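> Structure below; questions to follow.
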2 protein chains.
Amino acid sequence: MRQVTVELAARSYTIHIGTDLLDRLAEYLEKAGLTGRLALVTDSNVLALYGTTVLEMLSEAGNTVVPCEIGPGETSKTLDNAGRLYHRFLLELLDRTSAVIALGGGVVGDLAGFVAATYMRGIPYAQVPTTLVAQVDSSVGGKVGVNLPETKNVVGSFYQPRIVVTDVSTLRTLPEREYRAGLAEVLKYAVIADADLFQKLESSREAILARDHGILEELIERCCRIKARIVEEDETERGPRVVLNYGHTIGHAVEASSAYDRFLHGEAIAIGMDGAARIGAALGVTDPEFVDRQAALIDAYSLPRGWSELPVPEVMTAVAMDKKRAGGAVRFVLPSAPGCVTVRDGVDGRVVHRVLERIKEGAR
Amino acid sequence: MRQVTVELAARSYTIHIGTDLLDRLAEYLEKAGLTGRLALVTDSNVLALYGTTVLEMLSEAGNTVVPCEIGPGETSKTLDNAGRLYHRFLLELLDRTSAVIALGGGVVGDLAGFVAATYMRGIPYAQVPTTLVAQVDSSVGGKVGVNLPETKNVVGSFYQPRIVVTDVSTLRTLPEREYRAGLAEVLKYAVIADADLFQKLESSREAILARDHGILEELIERCCRIKARIVEEDETERGPRVVLNYGHTIGHAVEASSAYDRFLHGEAIAIGMDGAARIGAALGVTDPEFVDRQAALIDAYSLPRGWSELPVPEVMTAVAMDKKRAGGAVRFVLPSAPGCVTVRDGVDGRVVHRVLERIKEGAR
């Protein structure tokens, strides 16, 4: 069992990482003060796998549990679904002494967290992530929200959970593709802040792909520790937190251009990280050797670096939109070495364009 | 010109109260750092009165103004309208460096503030209240939100504005009934914290009803000062802020039972304050003489204390719902003397019932 605490004064909380923690969820929630009326928000896949066990356990511990099921996948992260949850919370008489339990991946965590942040102007919630991407990234740091048809995550809040309970055993049931997409986020953390983790991804490929519990706990703890430190420094993303967007400028544009149904988020980020490194190399920020080393890792975990159908003009437009939103300059997080990135504003559009052409050709 | 500062560390802001301040709005916004792309959220009534002037002034000052019009009245404070505003903000390329200007009454301020709180996880906003109830109450303290069909204000955030610009001249155009409803909120502040203000309401009725600018500035400053101190002590309503709900337990139930279209909020609060004082008298908390003094003031400003169609069983149910939401006890804020209230949990339902019967009979 490993613990990471996010130190945010009155909003501090602990991330518990271990094996079979779901069996003791009631106990963890009680320690965090989350008892009574609990809304268990989860998707239909997770509900089928863990629903009965978790519902029974929480009820036996004396809680009144209100199961709230959403459909699986990114298309569930809507304002309409938030509206449905508010409605259900009202019907079930949830109040500020109640709590929300987000059991599932990033979609469940983001949506349930946003509803917790805004129902009665904020009620407590717990993150219980069951996918690798949620365990290493989205369950920590309080970024919650929903998508609009045009743009992902454009409506939301910064609203910290009271506790995060991360059971690596739940990764056993995760489809291979989603698991690998989660490893892209692990790679992101390695590049931005942990050279040792980068080496581990290189040296322990087999154990990692075998989902060895020991190594999983270690990877997740390292990522959470990095994220905790960054969030402590910059909870509302006014400055240093931007490094967490490594791979995201191109990654988001790739997701949007592919209508969010071709790539998983982690896959798009893998493409975006390869792209960012190549931009870095073109600008003299990134050692070409690092570009190759990172590309080898992306390949080793069967993540994509290219896309033959990449609509370059569309992606360029999306990057330009991003530009306007950062107040006038294209902003990229660029790697300089494993564990070390720099933020560069005003990257030349021609450099971006050349790298996008490379992504288009580079499809394996 | 009067100023009240709400001291909340990094979230502190100043309320500017004066005559013809709207003419210098661009200057105030600039001082608060709100320039560039500005979404001017307002309703069609306010737009017709001040829209052209404000738009021109803000544009001439070098801002890009995006006018966002909503329909007037409580029915506009919906999640759907929030969705429409998000969509428009996206189309107009508003980002975290942009700001929202809420020009209007409580509905505009609550809706625009909520959208500002949640668009891109929070962008800055200014409150520019144009009704008395907004100037003395809803524009200050950061409570923002929208209604659901079942319940008012059940979705929202605590999100402070960067500045409040209160121009008492805008009250000239306020319909008489709305103006009087705003005075109910002033009475609320007098009862909870300002015996001197209570006396002023008694002694200066004519000047107040004549909307004398000098006395208006004083009334608004006093109310804002009280609210600022309470909000500083308890920003997220975990404790002492509950006194601001004086008159609201019955008031909200009256609003809900009358489908929100018979009474203005202030009118319902007037009924609720009279009810709370009578409950207080029944419990020995409130001097019967105070009950009469407050009733005389409510009458003096032509506000209601009774309603012959009050559906007593429905209102009792609404109060019981309120009970469940406070975690098991009916909570009332009860006056003990002008400027002094106490919070009482677990008020006997029979006492509430008798007082509701009195409200039903007491219709003038």
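Order determines the names: the first chain of the structure tokens is A, the second B, and so forth; residues in each chain are numbered 1 upward, and ligands are numbered 1 upward as they are shown.
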Write out as a list in words all residues of stretch 176-348 of chain B that backbone DSSP assigns to strand (DSSP E).
Arg331, Phe332, Val333, Leu334, Pro335, Ser336, Ala337, Cys340, Val341, Thr342, Val343, Arg344 and Asp345 of chain B
> Where does DSSP see alpha helix (DSSP H) in stretch 153-196 of chain B, if you list the residues as an mmCIF file with N, CA and C atoms, in the first residue's frame?

```cif
data_model
loop_
_atom_site.group_PDB
_atom_site.id
_atom_site.type_symbol
_atom_site.label_atom_id
_atom_site.label_comp_id
_atom_site.auth_asym_id
_atom_site.auth_seq_id
_atom_site.Cartn_x
_atom_site.Cartn_y
_atom_site.Cartn_z
ATOM 1 N N GLU B 176 -41.872 49.954 -9.632
ATOM 2 C CA GLU B 176 -42.136 50.172 -8.206
ATOM 3 C C GLU B 176 -42.183 48.864 -7.415
ATOM 4 N N ARG B 177 -42.836 47.850 -7.983
ATOM 5 C CA ARG B 177 -42.985 46.598 -7.247
ATOM 6 C C ARG B 177 -41.633 45.939 -6.997
ATOM 7 N N GLU B 178 -40.768 45.982 -8.017
ATOM 8 C CA GLU B 178 -39.432 45.383 -7.843
ATOM 9 C C GLU B 178 -38.600 46.167 -6.843
ATOM 10 N N TYR B 179 -38.776 47.475 -6.879
ATOM 11 C CA TYR B 179 -38.042 48.310 -5.936
ATOM 12 C C TYR B 179 -38.426 47.951 -4.497
ATOM 13 N N ARG B 180 -39.738 47.832 -4.252
ATOM 14 C CA ARG B 180 -40.204 47.497 -2.898
ATOM 15 C C ARG B 180 -39.722 46.105 -2.484
ATOM 16 N N ALA B 181 -39.708 45.187 -3.445
ATOM 17 C CA ALA B 181 -39.223 43.838 -3.128
ATOM 18 C C ALA B 181 -37.749 43.895 -2.702
ATOM 19 N N GLY B 182 -37.000 44.786 -3.322
ATOM 20 C CA GLY B 182 -35.596 44.964 -2.911
ATOM 21 C C GLY B 182 -35.496 45.472 -1.486
ATOM 22 N N LEU B 183 -36.446 46.315 -1.095
ATOM 23 C CA LEU B 183 -36.428 46.835 0.273
ATOM 24 C C LEU B 183 -36.632 45.722 1.304
ATOM 25 N N ALA B 184 -37.297 44.632 0.901
ATOM 26 C CA ALA B 184 -37.438 43.494 1.814
ATOM 27 C C ALA B 184 -36.059 42.939 2.172
ATOM 28 N N GLU B 185 -35.153 42.910 1.194
ATOM 29 C CA GLU B 185 -33.790 42.442 1.479
ATOM 30 C C GLU B 185 -33.064 43.417 2.407
ATOM 31 N N VAL B 186 -33.311 44.716 2.218
ATOM 32 C CA VAL B 186 -32.704 45.703 3.113
ATOM 33 C C VAL B 186 -33.189 45.442 4.541
ATOM 34 N N LEU B 187 -34.492 45.197 4.672
ATOM 35 C CA LEU B 187 -35.046 44.888 5.999
ATOM 36 C C LEU B 187 -34.376 43.639 6.578
ATOM 37 N N LYS B 188 -34.139 42.667 5.727
ATOM 38 C CA LYS B 188 -33.455 41.455 6.199
ATOM 39 C C LYS B 188 -32.106 41.815 6.836
ATOM 40 N N TYR B 189 -31.318 42.644 6.144
ATOM 41 C CA TYR B 189 -30.010 43.027 6.698
ATOM 42 C C TYR B 189 -30.157 43.796 7.998
ATOM 43 N N ALA B 190 -31.180 44.664 8.049
ATOM 44 C CA ALA B 190 -31.412 45.430 9.273
ATOM 45 C C ALA B 190 -31.685 44.477 10.438
ATOM 46 N N VAL B 191 -32.543 43.496 10.199
ATOM 47 C CA VAL B 191 -32.919 42.584 11.293
ATOM 48 C C VAL B 191 -31.734 41.719 11.715
ATOM 49 N N ILE B 192 -30.969 41.217 10.742
ATOM 50 C CA ILE B 192 -29.904 40.293 11.163
ATOM 51 C C ILE B 192 -28.709 41.009 11.776
ATOM 52 N N ALA B 193 -28.473 42.298 11.423
ATOM 53 C CA ALA B 193 -27.205 42.870 11.882
ATOM 54 C C ALA B 193 -27.138 44.374 12.101
ATOM 55 N N ALA B 195 -29.340 47.451 13.836
ATOM 56 C CA ALA B 195 -30.489 48.066 14.508
ATOM 57 C C ALA B 195 -30.696 49.497 14.021
ATOM 58 N N ASP B 196 -29.593 50.173 13.706
ATOM 59 C CA ASP B 196 -29.665 51.544 13.236
ATOM 60 C C ASP B 196 -30.355 51.624 11.868
#
```
> Could you please tell me, as a ChimeraX atom specification, which residues of chain B have an atom within 6 Å of chain A when using only C-alpha atoms?
/B:95,118-121,154-157,325
> Smallest atom-to-atom distance to B:Ala39: which of B:Arg358, B:Arg205, B:His16, B:Arg88, using only C-alpha atoms?
B:Arg88
> Hey, which bits of stretch 13-119 of chain A sit within 7 Å of stretch 3-9 of chain A, and for each residue what's the closest pair of atoms and how far apart in Å (one decimal), counting only C-alpha atoms, rows by chain and increasing number, as CSV?

```
residue,atom,partner,partner_atom,distance
A:Tyr13,CA,A:Val6,CA,5.4
A:Thr14,CA,A:Thr5,CA,4.3
A:Ile15,CA,A:Val4,CA,5.1
A:His16,CA,A:Gln3,CA,4.8
A:Ile17,CA,A:Gln3,CA,6.1
```
> Neighbours of B:Ala10 within 12 Å (only C-alpha atoms; same-chain residues fewer than 4 positions away dropped), as number ranges by chain?
B: 6, 160-162
